[in-house]
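The next block is model.cif, given as mmCIF, C-alpha atoms.
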```cif
data_input
#
loop_
_atom_site.label_atom_id
_atom_site.label_comp_id
_atom_site.auth_asym_id
_atom_site.auth_seq_id
_atom_site.Cartn_x
_atom_site.Cartn_y
_atom_site.Cartn_z
CA MET D 1 4.57 3.34 -4.03
CA ASP D 2 7.48 2.82 -1.60
CA TRP D 3 6.08 1.57 1.70
CA GLY D 4 9.57 1.13 3.16
CA TYR D 5 9.70 4.62 4.69
CA ILE D 6 6.23 4.42 6.26
CA ASN D 7 6.82 0.87 7.46
CA ALA D 8 10.11 1.86 9.14
CA ARG D 9 8.45 4.80 10.89
CA MET D 10 5.52 2.66 11.99
CA ARG D 11 7.89 0.07 13.43
CA GLY D 12 9.80 2.80 15.23
CA MET D 13 6.57 4.20 16.65
CA LYS D 14 5.29 0.77 17.60
CA SER D 15 8.47 0.09 19.56
CA ARG D 16 7.48 2.99 21.81
CA LEU D 17 4.07 1.53 22.63
CA LEU D 18 3.78 0.22 26.17
CA ASP D 19 4.77 -3.42 26.49
CA HIS D 20 3.03 -6.07 28.57
CA HIS D 21 5.29 -5.47 31.57
CA THR D 22 4.71 -1.67 31.66
CA LEU D 23 0.96 -2.13 31.28
CA ASP D 24 0.99 -4.65 34.11
CA ASN D 25 2.92 -2.18 36.22
CA LEU D 26 0.20 0.41 35.62
CA VAL D 27 -2.43 -2.12 36.66
CA LEU D 28 -0.62 -2.75 39.95
CA GLN D 29 -0.62 0.92 40.99
CA PRO D 30 -2.79 1.42 44.07
CA ASP D 31 -4.36 4.79 43.14
CA LEU D 32 -4.65 7.49 40.51
CA ASP D 33 -1.71 9.56 41.80
CA SER D 34 0.73 6.67 41.57
CA LEU D 35 -0.70 5.79 38.16
CA GLU D 36 0.05 9.34 37.00
CA SER D 37 3.62 9.06 38.33
CA GLU D 38 4.08 5.78 36.45
CA LEU D 39 2.63 7.28 33.27
CA GLU D 40 5.22 10.05 33.53
CA LYS D 41 7.88 7.41 32.91
CA THR D 42 6.27 6.53 29.57
CA PRO D 43 6.00 8.46 26.26
CA TYR D 44 2.82 10.08 27.69
CA ARG D 45 4.95 12.27 29.98
CA GLU D 46 4.81 15.46 27.86
CA ASP D 47 1.07 15.24 27.33
CA LEU D 48 0.46 14.53 31.00
CA ILE D 49 2.54 17.50 32.17
CA GLU D 50 0.73 19.75 29.70
CA ALA D 51 -2.70 18.48 30.78
CA ARG D 52 -1.85 18.87 34.47
CA GLY D 53 -1.47 22.60 33.89
CA ARG D 54 -5.22 22.85 33.39
CA TYR D 55 -6.73 19.77 34.98
CA ALA D 56 -6.15 17.42 37.89
CA GLY D 57 -6.80 13.72 38.50
CA MET D 58 -8.87 11.77 36.01
CA PRO D 59 -9.56 14.70 33.61
CA ALA D 60 -5.79 15.32 33.35
CA ILE D 61 -5.19 11.70 32.28
CA GLU D 62 -8.13 11.81 29.87
CA HIS D 63 -6.83 15.00 28.24
CA ALA D 64 -3.27 13.71 28.08
CA LEU D 65 -4.41 10.52 26.35
CA ARG D 66 -6.65 12.44 23.97
CA ASN D 67 -3.89 14.88 23.02
CA ASN D 68 -1.40 12.06 22.55
CA PHE D 69 -3.84 10.18 20.34
CA VAL D 70 -4.62 13.23 18.19
CA ARG D 71 -0.94 14.18 17.93
CA THR D 72 0.06 10.66 16.89
CA PHE D 73 -2.48 10.51 14.08
CA ARG D 74 -1.63 14.03 12.85
CA LYS D 75 2.02 13.00 12.78
CA VAL D 76 1.28 9.93 10.65
CA LEU D 77 -0.85 12.07 8.31
CA ASP D 78 1.96 14.63 8.03
CA PHE D 79 4.70 12.23 6.99
CA SER D 80 2.57 10.11 4.64
CA LYS D 81 2.44 12.27 1.56
CA GLU D 82 1.80 9.69 -1.11
CA LYS D 83 -1.69 9.40 -2.53
CA GLU D 84 -2.17 5.68 -1.86
CA ALA D 85 -1.07 5.92 1.78
CA LEU D 86 -3.24 8.99 2.34
CA LEU D 87 -6.27 7.12 1.00
CA TYR D 88 -5.86 4.34 3.58
CA ILE D 89 -5.02 6.68 6.44
CA ARG D 90 -8.05 8.82 5.70
CA ILE D 91 -10.31 5.77 5.76
CA PHE D 92 -9.11 5.07 9.27
CA LEU D 93 -9.23 8.70 10.39
CA HIS D 94 -12.73 9.30 9.04
CA ARG D 95 -14.10 7.02 11.73
CA TRP D 96 -13.13 9.67 14.27
CA ASP D 97 -15.03 12.26 12.24
CA VAL D 98 -18.07 9.98 12.33
CA GLN D 99 -17.57 9.41 16.05
CA ASN D 100 -17.24 13.15 16.72
CA ILE D 101 -20.35 14.03 14.72
CA LYS D 102 -22.24 11.33 16.65
CA THR D 103 -20.96 12.84 19.92
CA VAL D 104 -22.14 16.33 18.91
CA LEU D 105 -25.56 14.99 17.87
CA ARG D 106 -25.92 12.95 21.07
CA GLY D 107 -24.98 15.98 23.15
CA LYS D 108 -27.47 18.20 21.34
CA ASN D 109 -30.14 15.50 21.65
CA ILE D 110 -29.88 15.33 25.42
CA HIS D 111 -29.25 19.09 25.78
CA ILE D 112 -25.97 19.02 27.68
CA THR D 113 -23.70 22.07 27.70
CA ASN D 114 -21.30 22.84 24.86
CA GLU D 115 -18.35 22.45 27.25
CA GLU D 116 -19.46 18.94 28.18
CA ILE D 117 -19.75 17.98 24.50
CA LEU D 118 -16.31 19.41 23.73
CA GLU D 119 -14.84 17.33 26.59
CA CYS D 120 -15.94 14.16 24.80
CA ILE D 121 -14.61 15.05 21.36
CA VAL D 122 -11.47 13.44 19.95
CA PRO D 123 -10.37 15.56 16.97
CA ALA D 124 -8.15 12.87 15.45
CA GLY D 125 -9.94 12.86 12.09
CA GLU D 126 -10.04 15.37 9.27
CA LEU D 127 -12.52 17.62 11.05
CA ASP D 128 -10.22 19.66 13.26
CA GLU D 129 -10.93 21.14 16.67
CA VAL D 130 -12.02 24.53 15.26
CA THR D 131 -14.55 22.92 12.91
CA LEU D 132 -15.91 20.69 15.67
CA THR D 133 -16.13 23.61 18.11
CA GLU D 134 -18.21 25.53 15.57
CA LEU D 135 -20.48 22.49 15.18
CA VAL D 136 -20.90 22.26 18.95
CA ARG D 137 -21.87 25.94 19.09
CA GLN D 138 -24.96 25.29 16.97
CA PRO D 139 -28.22 25.53 18.93
CA ASP D 140 -29.74 22.17 17.90
CA MET D 141 -29.27 19.01 15.86
CA LYS D 142 -30.89 20.41 12.74
CA ALA D 143 -28.51 23.38 12.81
CA VAL D 144 -25.53 20.99 13.16
CA ILE D 145 -26.63 19.03 10.07
CA ASP D 146 -27.34 22.24 8.15
CA LEU D 147 -23.88 23.58 8.95
CA LEU D 148 -22.30 20.31 7.76
CA ALA D 149 -24.27 20.69 4.52
CA THR D 150 -23.21 24.34 4.15
CA TRP D 151 -19.57 23.35 4.51
CA ARG D 152 -20.17 20.54 1.98
CA ILE D 153 -18.96 17.94 4.45
CA PRO D 154 -20.16 14.62 2.96
CA TYR D 155 -21.64 13.33 6.25
CA ALA D 156 -24.44 15.86 5.78
CA THR D 157 -25.94 13.71 2.99
CA PRO D 158 -26.86 10.61 5.10
CA LEU D 159 -27.90 12.81 8.02
CA THR D 160 -30.20 14.95 5.88
CA SER D 161 -31.83 11.82 4.41
CA ALA D 162 -32.35 10.19 7.81
CA PHE D 163 -33.44 13.32 9.65
CA PRO D 164 -37.17 13.21 8.72
CA GLU D 165 -37.44 9.69 10.20
CA PHE D 166 -35.59 10.83 13.32
CA ALA D 167 -37.92 13.83 13.62
CA LYS D 168 -40.88 11.41 13.44
CA ASN D 169 -39.86 8.89 16.11
CA GLY D 170 -37.00 10.64 17.95
CA ASP D 171 -34.73 7.61 17.63
CA LEU D 172 -31.13 8.88 17.43
CA GLY D 173 -30.09 5.38 16.34
CA MET D 174 -31.50 6.14 12.88
CA LEU D 175 -29.07 9.04 12.40
CA GLU D 176 -26.14 7.11 13.86
CA CYS D 177 -26.86 4.11 11.68
CA ALA D 178 -27.11 6.35 8.60
CA LEU D 179 -23.69 7.80 9.43
CA ASP D 180 -22.14 4.35 9.96
CA ARG D 181 -23.67 3.04 6.75
CA TYR D 182 -22.31 6.02 4.82
CA TYR D 183 -18.86 5.61 6.34
CA TYR D 184 -18.54 1.90 5.58
CA GLU D 185 -20.08 2.16 2.08
CA ASP D 186 -17.80 5.08 1.23
CA ALA D 187 -14.72 3.33 2.64
CA LEU D 188 -15.46 0.02 0.88
CA LEU D 189 -16.06 1.89 -2.39
CA ALA D 190 -12.69 3.63 -2.08
CA VAL D 191 -10.90 0.27 -1.89
CA LYS D 192 -12.97 -1.64 -4.45
CA ASP D 193 -10.13 -2.01 -7.01
CA LYS D 194 -8.19 -5.27 -7.03
CA SER D 195 -4.90 -4.81 -5.23
CA ARG D 196 -3.20 -6.43 -2.27
CA ASN D 197 -3.51 -3.35 -0.07
CA ASN D 198 -7.12 -2.73 -1.04
CA ALA D 199 -7.95 -6.35 -0.21
CA MET D 200 -6.36 -5.99 3.21
CA ILE D 201 -8.35 -2.84 4.01
CA ARG D 202 -11.54 -4.38 2.61
CA ASP D 203 -11.00 -7.39 4.82
CA ILE D 204 -10.65 -5.46 8.06
CA LEU D 205 -13.54 -3.11 7.18
CA SER D 206 -15.80 -6.07 6.41
CA LEU D 207 -14.80 -7.65 9.70
CA GLU D 208 -15.80 -4.46 11.50
CA VAL D 209 -19.12 -4.43 9.67
CA ASP D 210 -19.71 -8.04 10.77
CA VAL D 211 -18.92 -7.16 14.38
CA VAL D 212 -21.23 -4.12 14.34
CA ASN D 213 -24.00 -6.20 12.73
CA ILE D 214 -23.68 -9.07 15.22
CA LYS D 215 -23.84 -6.62 18.13
CA THR D 216 -26.90 -4.93 16.63
CA ALA D 217 -28.60 -8.24 15.85
CA LEU D 218 -28.05 -9.59 19.37
CA ARG D 219 -29.49 -6.44 20.92
CA MET D 220 -32.50 -6.65 18.61
CA ILE D 221 -33.06 -10.31 19.50
CA ARG D 222 -32.77 -9.54 23.22
CA ASP D 223 -35.24 -6.63 22.96
CA GLY D 224 -37.63 -8.65 20.78
CA VAL D 225 -37.57 -6.16 17.88
CA ALA D 226 -39.36 -7.37 14.74
CA PRO D 227 -36.90 -8.48 11.99
CA ASP D 228 -38.30 -5.93 9.50
CA GLU D 229 -37.66 -3.10 11.93
CA ALA D 230 -34.27 -4.49 13.02
CA ARG D 231 -33.05 -4.81 9.42
CA LYS D 232 -32.99 -1.00 9.11
CA PHE D 233 -30.11 -0.86 11.57
CA LEU D 234 -27.85 -3.37 9.83
CA LEU D 235 -24.92 -2.36 7.66
CA PRO D 236 -24.11 -3.81 4.23
CA GLY D 237 -20.68 -5.20 3.31
CA GLY D 238 -20.01 -7.79 6.00
CA ARG D 239 -17.28 -10.36 5.48
CA GLU D 240 -19.02 -13.52 6.55
CA LEU D 241 -22.56 -12.44 7.35
CA ASP D 242 -24.33 -11.33 4.21
CA ALA D 243 -27.94 -10.06 4.06
CA LYS D 244 -29.39 -13.62 3.92
CA LYS D 245 -27.46 -14.85 6.96
CA LEU D 246 -28.33 -11.70 8.88
CA ASP D 247 -32.02 -12.22 8.07
CA ARG D 248 -31.80 -15.74 9.45
CA LEU D 249 -30.04 -14.39 12.54
CA LEU D 250 -32.72 -11.76 13.15
CA ALA D 251 -35.46 -14.37 12.81
CA LEU D 252 -34.10 -16.22 15.89
CA HIS D 253 -35.70 -15.66 19.28
CA THR D 254 -32.95 -16.23 21.81
CA ILE D 255 -29.31 -15.22 22.24
CA GLU D 256 -28.39 -18.93 22.62
CA ASP D 257 -29.87 -19.72 19.19
CA ALA D 258 -28.03 -16.77 17.66
CA LEU D 259 -24.71 -17.93 19.11
CA ALA D 260 -25.41 -21.49 17.95
CA MET D 261 -25.90 -20.15 14.42
CA LEU D 262 -22.66 -18.17 14.65
CA ALA D 263 -20.85 -21.37 15.68
CA ASN D 264 -20.57 -22.23 11.98
CA THR D 265 -18.76 -19.00 11.20
CA ARG D 266 -15.41 -17.46 12.22
CA TYR D 267 -17.23 -16.07 15.27
CA ARG D 268 -17.46 -19.53 16.81
CA PHE D 269 -15.38 -18.29 19.76
CA LEU D 270 -18.62 -16.77 21.08
CA SER D 271 -19.88 -20.28 21.86
CA GLY D 272 -17.66 -20.32 24.94
CA ILE D 273 -19.83 -17.73 26.74
CA PRO D 274 -20.95 -19.10 30.14
CA GLU D 275 -24.59 -20.18 30.48
CA GLU D 276 -25.36 -17.80 33.34
CA VAL D 277 -24.33 -14.84 31.16
CA LEU D 278 -26.69 -16.02 28.44
CA ARG D 279 -29.50 -16.59 30.89
CA ALA D 280 -29.07 -13.07 32.25
CA GLN D 281 -28.93 -11.85 28.60
CA LYS D 282 -25.75 -9.88 29.32
CA ILE D 283 -24.94 -8.71 25.81
CA SER D 284 -22.03 -6.61 27.10
CA VAL D 285 -19.94 -9.76 27.72
CA ILE D 286 -20.45 -10.88 24.12
CA GLU D 287 -19.76 -7.37 22.82
CA LYS D 288 -16.52 -7.23 24.75
CA LYS D 289 -15.42 -10.56 23.24
CA LEU D 290 -16.21 -9.30 19.76
CA GLU D 291 -14.33 -6.04 20.30
CA ARG D 292 -11.35 -7.96 21.64
CA TYR D 293 -11.38 -10.17 18.55
CA LEU D 294 -11.56 -7.13 16.26
CA VAL D 295 -8.62 -5.43 17.99
CA GLN D 296 -6.55 -8.62 17.89
CA GLU D 297 -7.26 -9.09 14.18
CA GLY D 298 -6.37 -5.43 13.51
CA VAL D 299 -3.10 -5.59 15.44
CA ARG D 300 -2.22 -8.92 13.80
CA LEU D 301 -1.96 -7.04 10.51
CA PHE D 302 1.29 -5.61 11.82
CA LEU D 303 2.89 -8.99 11.23
CA GLY D 304 1.88 -8.90 7.56
CA ASP D 305 3.90 -7.88 4.54
CA PRO D 306 6.19 -4.99 5.58
CA LEU D 307 6.00 -3.49 2.08
CA SER D 308 2.26 -2.92 2.27
CA VAL D 309 -0.32 -0.97 4.22
CA ALA D 310 -0.34 -3.74 6.86
CA SER D 311 2.04 -2.08 9.34
CA LEU D 312 0.16 1.22 9.13
CA ILE D 313 -3.22 -0.31 9.96
CA GLY D 314 -1.69 -2.64 12.54
CA TYR D 315 -0.14 0.34 14.32
CA PHE D 316 -3.40 2.29 14.32
CA TRP D 317 -5.15 -0.59 16.03
CA ALA D 318 -2.32 -1.11 18.49
CA LYS D 319 -2.28 2.59 19.45
CA TYR D 320 -6.07 2.67 19.79
CA ASN D 321 -5.91 -0.41 22.00
CA GLU D 322 -3.18 1.08 24.18
CA ILE D 323 -5.14 4.29 24.77
CA THR D 324 -8.26 2.24 25.55
CA ASN D 325 -6.31 0.07 28.01
CA ILE D 326 -4.87 3.08 29.86
CA ARG D 327 -8.33 4.67 30.02
CA VAL D 328 -9.76 1.45 31.45
CA ILE D 329 -6.96 1.26 34.03
CA SER D 330 -7.38 4.89 35.11
CA ARG D 331 -11.18 4.59 35.31
CA CYS D 332 -10.88 1.43 37.38
CA LYS D 333 -8.43 3.15 39.74
CA THR D 334 -11.11 5.71 40.59
CA ALA D 335 -13.59 2.89 41.29
CA ASP D 336 -13.07 0.03 43.70
CA PHE D 337 -12.01 -2.57 41.16
CA SER D 338 -9.89 -5.61 41.95
CA ILE D 339 -6.65 -6.15 40.02
CA GLU D 340 -7.85 -9.54 38.70
CA ASN D 341 -11.05 -8.00 37.32
CA LEU D 342 -9.09 -5.10 35.86
CA ARG D 343 -6.72 -7.48 34.06
CA GLU D 344 -9.72 -9.23 32.53
CA GLU D 345 -10.98 -5.93 31.14
CA LEU D 346 -7.74 -5.21 29.28
CA VAL D 347 -6.85 -6.40 25.81
CA TYR D 348 -3.23 -7.55 25.61
CA VAL D 349 -1.91 -7.75 22.07
CA MET W 1 43.39 -6.96 -31.45
CA VAL W 2 40.31 -6.60 -29.24
CA GLY W 3 36.89 -6.42 -30.85
CA TRP W 4 33.93 -4.27 -29.84
CA GLU W 5 32.57 -7.13 -27.69
CA VAL W 6 35.07 -6.54 -24.91
CA PRO W 7 34.17 -2.92 -23.97
CA ILE W 8 30.46 -3.76 -24.42
CA GLY W 9 30.84 -6.76 -22.09
CA ALA W 10 32.67 -4.64 -19.53
CA ALA W 11 30.01 -1.95 -19.77
CA ILE W 12 27.22 -4.50 -19.20
CA ALA W 13 29.03 -5.99 -16.20
CA PHE W 14 29.49 -2.58 -14.63
CA SER W 15 26.13 -1.01 -15.54
CA PHE W 16 23.94 -3.84 -14.26
CA GLY W 17 25.85 -3.85 -10.99
CA ALA W 18 25.37 -0.07 -10.73
CA ILE W 19 21.64 -0.26 -11.51
CA GLY W 20 21.17 -3.04 -8.95
CA THR W 21 23.06 -1.05 -6.34
CA GLY W 22 21.07 2.09 -7.06
CA TRP W 23 17.77 0.24 -6.74
CA ALA W 24 18.80 -1.50 -3.51
CA GLN W 25 20.16 1.72 -1.99
CA SER W 26 16.99 3.63 -2.83
CA ARG W 27 14.86 1.08 -0.95
CA ILE W 28 17.26 0.85 1.98
CA GLY W 29 17.62 4.63 2.02
CA ALA W 30 13.87 5.21 2.24
CA ALA W 31 13.41 2.68 5.02
CA GLY W 32 16.59 3.92 6.74
CA ALA W 33 15.37 7.52 6.67
CA GLY W 34 12.15 6.37 8.35
CA ALA W 35 14.06 4.43 10.99
CA ILE W 36 16.41 7.36 11.74
CA ALA W 37 13.44 9.79 11.94
CA GLU W 38 11.93 7.67 14.71
CA LYS W 39 15.12 6.42 16.35
CA PRO W 40 18.12 8.69 15.66
CA GLU W 41 20.37 6.30 17.61
CA THR W 42 20.11 3.80 14.74
CA ALA W 43 21.93 6.17 12.33
CA GLY W 44 25.25 4.25 12.51
CA THR W 45 23.65 0.92 11.69
CA ILE W 46 21.58 2.44 8.89
CA ILE W 47 24.66 3.96 7.23
CA ILE W 48 26.37 0.54 7.27
CA LEU W 49 23.24 -1.10 5.83
CA GLU W 50 23.05 1.62 3.18
CA ALA W 51 26.63 0.85 2.15
CA ILE W 52 26.23 -2.94 1.84
CA PRO W 53 24.84 -2.89 -1.75
CA GLU W 54 27.98 -0.97 -2.79
CA THR W 55 29.69 -4.36 -2.89
CA LEU W 56 27.56 -5.17 -5.93
CA VAL W 57 28.84 -2.27 -8.00
CA ILE W 58 32.42 -2.90 -6.83
CA LEU W 59 32.03 -6.50 -8.01
CA GLY W 60 30.70 -5.20 -11.35
CA PHE W 61 33.69 -2.88 -11.60
CA VAL W 62 36.13 -5.70 -10.86
CA VAL W 63 34.50 -7.96 -13.46
CA ALA W 64 34.58 -5.09 -16.00
CA ALA W 65 38.25 -4.45 -15.24
CA MET W 66 39.04 -8.17 -15.56
CA ILE W 67 37.28 -8.31 -18.94
CA ILE W 68 39.27 -5.34 -20.26
CA LEU W 69 42.61 -6.42 -18.84
CA MET W 70 42.44 -10.17 -19.34
CA VAL W 71 40.54 -10.67 -22.59
CA LYS W 72 43.01 -10.17 -25.40
#
```

Can you dump the structure from the file as structure tokens?
Amino acid sequence: MDWGYINARMRGMKSRLLDHHTLDNLVLQPDLDSLESELEKTPYREDLIEARGRYAGMPAIEHALRNNFVRTFRKVLDFSKEKEALLYIRIFLHRWDVQNIKTVLRGKNIHITNEEILECIVPAGELDEVTLTELVRQPDMKAVIDLLATWRIPYATPLTSAFPEFAKNGDLGMLECALDRYYYEDALLAVKDKSRNNAMIRDILSLEVDVVNIKTALRMIRDGVAPDEARKFLLPGGRELDAKKLDRLLALHTIEDALAMLANTRYRFLSGIPEEVLRAQKISVIEKKLERYLVQEGVRLFLGDPLSVASLIGYFWAKYNEITNIRVISRCKTADFSIENLREELVYV
Amino acid sequence: MVGWEVPIGAAIAFSFGAIGTGWAQSRIGAAGAGAIAEKPETAGTIIILEAIPETLVILGFVVAAMIILMVK
């Protein structure tokens, strides 16, 4: 397969991502209105003008970012016609399908309105807006899963298997974990053959699995959940933390011990967490560090071999990070957040 | 009197140059098309880059011509 065309387009698209200086300029804006004016000078202009026709303030920015995100991924899907590229793109896009199904299920679980659920959906995956709207229209969670099964959408399989347990204890985490497990197992299976590109995708997927597992394990340790119970929420296929290491991690009693154990792995950067954070058991600080690491590793792929899938995956991560950064900035502009604190929240890559 | 080796030699010199050029231009062309799709202002540079491997086939042609004209 000739990756030259895709790589050139990805590099062209990446050159339009906001640089450090532009992002810093957004951070320095005093309020939401000036932030919107600054955003109009960036490639988000069209989406922002379109969104302003229907919304104002924060919702307008949210919709503009969402539309831009969806449009970007559809564009990449449209110009990548070769089978191998489509396989890798779909792996990345399927995570939005999983995320959207989770959003619908969460919404149905807490009985919010269909409009509110639709506001939170990002139809960047293979399930388009029409399909997702139909899912949202279903009266309850069971009906959502049944409709997925009727349409033969593969995510129905893990949900149907996990539903009885959910019905018994009402823990939505069981369904979400089943979806995640299905996604990662399916994705890792799709790239099991030995090839350079497959290895690259396997590597980043396994890293994600590790990050998800560490976050889950730390929460379980903090909440004092029994290892046997906690094990149900872990995902297989991690890069550095296999089942044995995860078992040892879950057997620990404090966050400090868990981080000390992780000091022997590639996640040793977590050892630098301040003591007061650990004493207060603020998992969110650790989670943020892990997410930052994951994004940085994903974007770093862009520097890899230009005649491989590297630039494609690197771009996806960079775009995702940019959208996240702008969302953080706009949210912080509506709250009373200092510029120094805001800068700390952003991930510069 | 020239034997069959001379035209065969000239053909090899020219054909390998042409194959090499074709291969290089296909790769540059694909990447160039991608670059122009995203940044139309790069079209001029891409056309120049696309033409660079032509030197290879011209060199092959010159060598082939030299073989035919000079080997007697």

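The result of the PyMOL selection byres ((chain W and resi 60) around 10) on the shown file is Ala10, Ala11, Ile12, Ala13, Phe14, Ser15, Phe16, Gly17, Ala18, Glu54, Thr55, Leu56, Val57, Ile58, Leu59, Phe61, Val62, Val63, Ala64, Ala65 and Met66 of chain W.
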
- Identify all chain D residues at most 12 Å from chain W by counting all atoms listed in the file; ligands do not count. Present them as a list of chain:residue names. D:Met1, D:Asp2, D:Trp3, D:Gly4, D:Tyr5, D:Ile6, D:Asn7, D:Ala8, D:Arg9, D:Met10, D:Arg11, D:Gly12, D:Met13, D:Lys14, D:Ser15, D:Arg16, D:Lys75, D:Val76, D:Phe79, D:Ser80, D:Pro306, D:Leu307

Output file for the selection above: C-alpha atoms, as a short mmCIF file (atom, residue, chain, number, x, y, z; two decimals), in the coordinates of the input:
```cif
data_model
loop_
_atom_site.label_atom_id
_atom_site.label_comp_id
_atom_site.auth_asym_id
_atom_site.auth_seq_id
_atom_site.Cartn_x
_atom_site.Cartn_y
_atom_site.Cartn_z
CA MET D 1 4.57 3.34 -4.03
CA ASP D 2 7.48 2.82 -1.60
CA TRP D 3 6.08 1.57 1.70
CA GLY D 4 9.57 1.13 3.16
CA TYR D 5 9.70 4.62 4.69
CA ILE D 6 6.23 4.42 6.26
CA ASN D 7 6.82 0.87 7.46
CA ALA D 8 10.11 1.86 9.14
CA ARG D 9 8.45 4.80 10.89
CA MET D 10 5.52 2.66 11.99
CA ARG D 11 7.89 0.07 13.43
CA GLY D 12 9.80 2.80 15.23
CA MET D 13 6.57 4.20 16.65
CA LYS D 14 5.29 0.77 17.60
CA SER D 15 8.47 0.09 19.56
CA ARG D 16 7.48 2.99 21.81
CA LYS D 75 2.02 13.00 12.78
CA VAL D 76 1.28 9.93 10.65
CA PHE D 79 4.70 12.23 6.99
CA SER D 80 2.57 10.11 4.64
CA PRO D 306 6.19 -4.99 5.58
CA LEU D 307 6.00 -3.49 2.08
#
```

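Reported to one decimal place, the separation of CA of Phe163 (chain D) from CA of Leu175 (chain D) is 6.7 Å.
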
- Just the residues within 7 Å of region 249-258 of chain D, please, counting all atoms listed in the file, with nothing from its chain fewer than 4 positions along; format it as a list in words. Ala217, Leu218, Ile221, Arg222, Pro227, Lys245, Leu262 and Leu278 of chain D

Using the selection just defined, write its residues with C-alpha atoms as a PDB file, in the coordinates of the input.
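Once everything was written out, this is part_32.pdb:
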```
ATOM      1  CA  ALA D 217     -28.600  -8.240  15.850  1.00  0.00           C
ATOM      2  CA  LEU D 218     -28.050  -9.590  19.370  1.00  0.00           C
ATOM      3  CA  ILE D 221     -33.060 -10.310  19.500  1.00  0.00           C
ATOM      4  CA  ARG D 222     -32.770  -9.540  23.220  1.00  0.00           C
ATOM      5  CA  PRO D 227     -36.900  -8.480  11.990  1.00  0.00           C
ATOM      6  CA  LYS D 245     -27.460 -14.850   6.960  1.00  0.00           C
ATOM      7  CA  LEU D 262     -22.660 -18.170  14.650  1.00  0.00           C
ATOM      8  CA  LEU D 278     -26.690 -16.020  28.440  1.00  0.00           C
TER       9      LEU D 278
END
```

- Task: Can you give me, as a list in words, the residues this file yields under the PyMOL selection byres ((chain D and resi 51) around 10)?
- Result: Arg45, Glu46, Asp47, Leu48, Ile49, Glu50, Arg52, Gly53, Arg54, Tyr55, Ala56, Gly57, Pro59, Ala60, Ile61, Glu62, His63, Ala64, Leu65, Arg66 and Asn67 of chain D

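Considering the residues D:Gln281, D:Ser330, D:Thr131, D:Thr324 and counting all atoms listed in the file, Pro30 (chain D) has its shortest atom-to-atom contact with D:Ser330.
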
- Message: the PyMOL selection byres ((chain D and resi 177-182) around 12) - which residues does that actually catch in the file I just gave you? List them as a ChimeraX atom specification.
- Response: /D:94-103,105,145,154-163,165-166,171-176,183-189,205,208-209,212-213,216,230-238

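Here CA of Ile323 (chain D) and CA of Phe69 (chain D) stand 7.5 Å from one another.
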
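Look at Gly298 (chain D): the protein and nucleic acid residues within 9 Å of it, using only C-alpha atoms and passing over chain neighbours fewer than 6 places away, are Ile204, Ile313, Gly314, Tyr315, Phe316, Trp317 and Ala318 of chain D.
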
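Picture a line from CA of Thr334 (chain D) to CA of Asp31 (chain D); it runs 7.3 Å.
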
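Closest approach to Ile47 (chain W) from the set W:Val2, W:Gln25, W:Ile8, W:Leu69 is made by W:Gln25, with distances taken over all atoms listed in the file.
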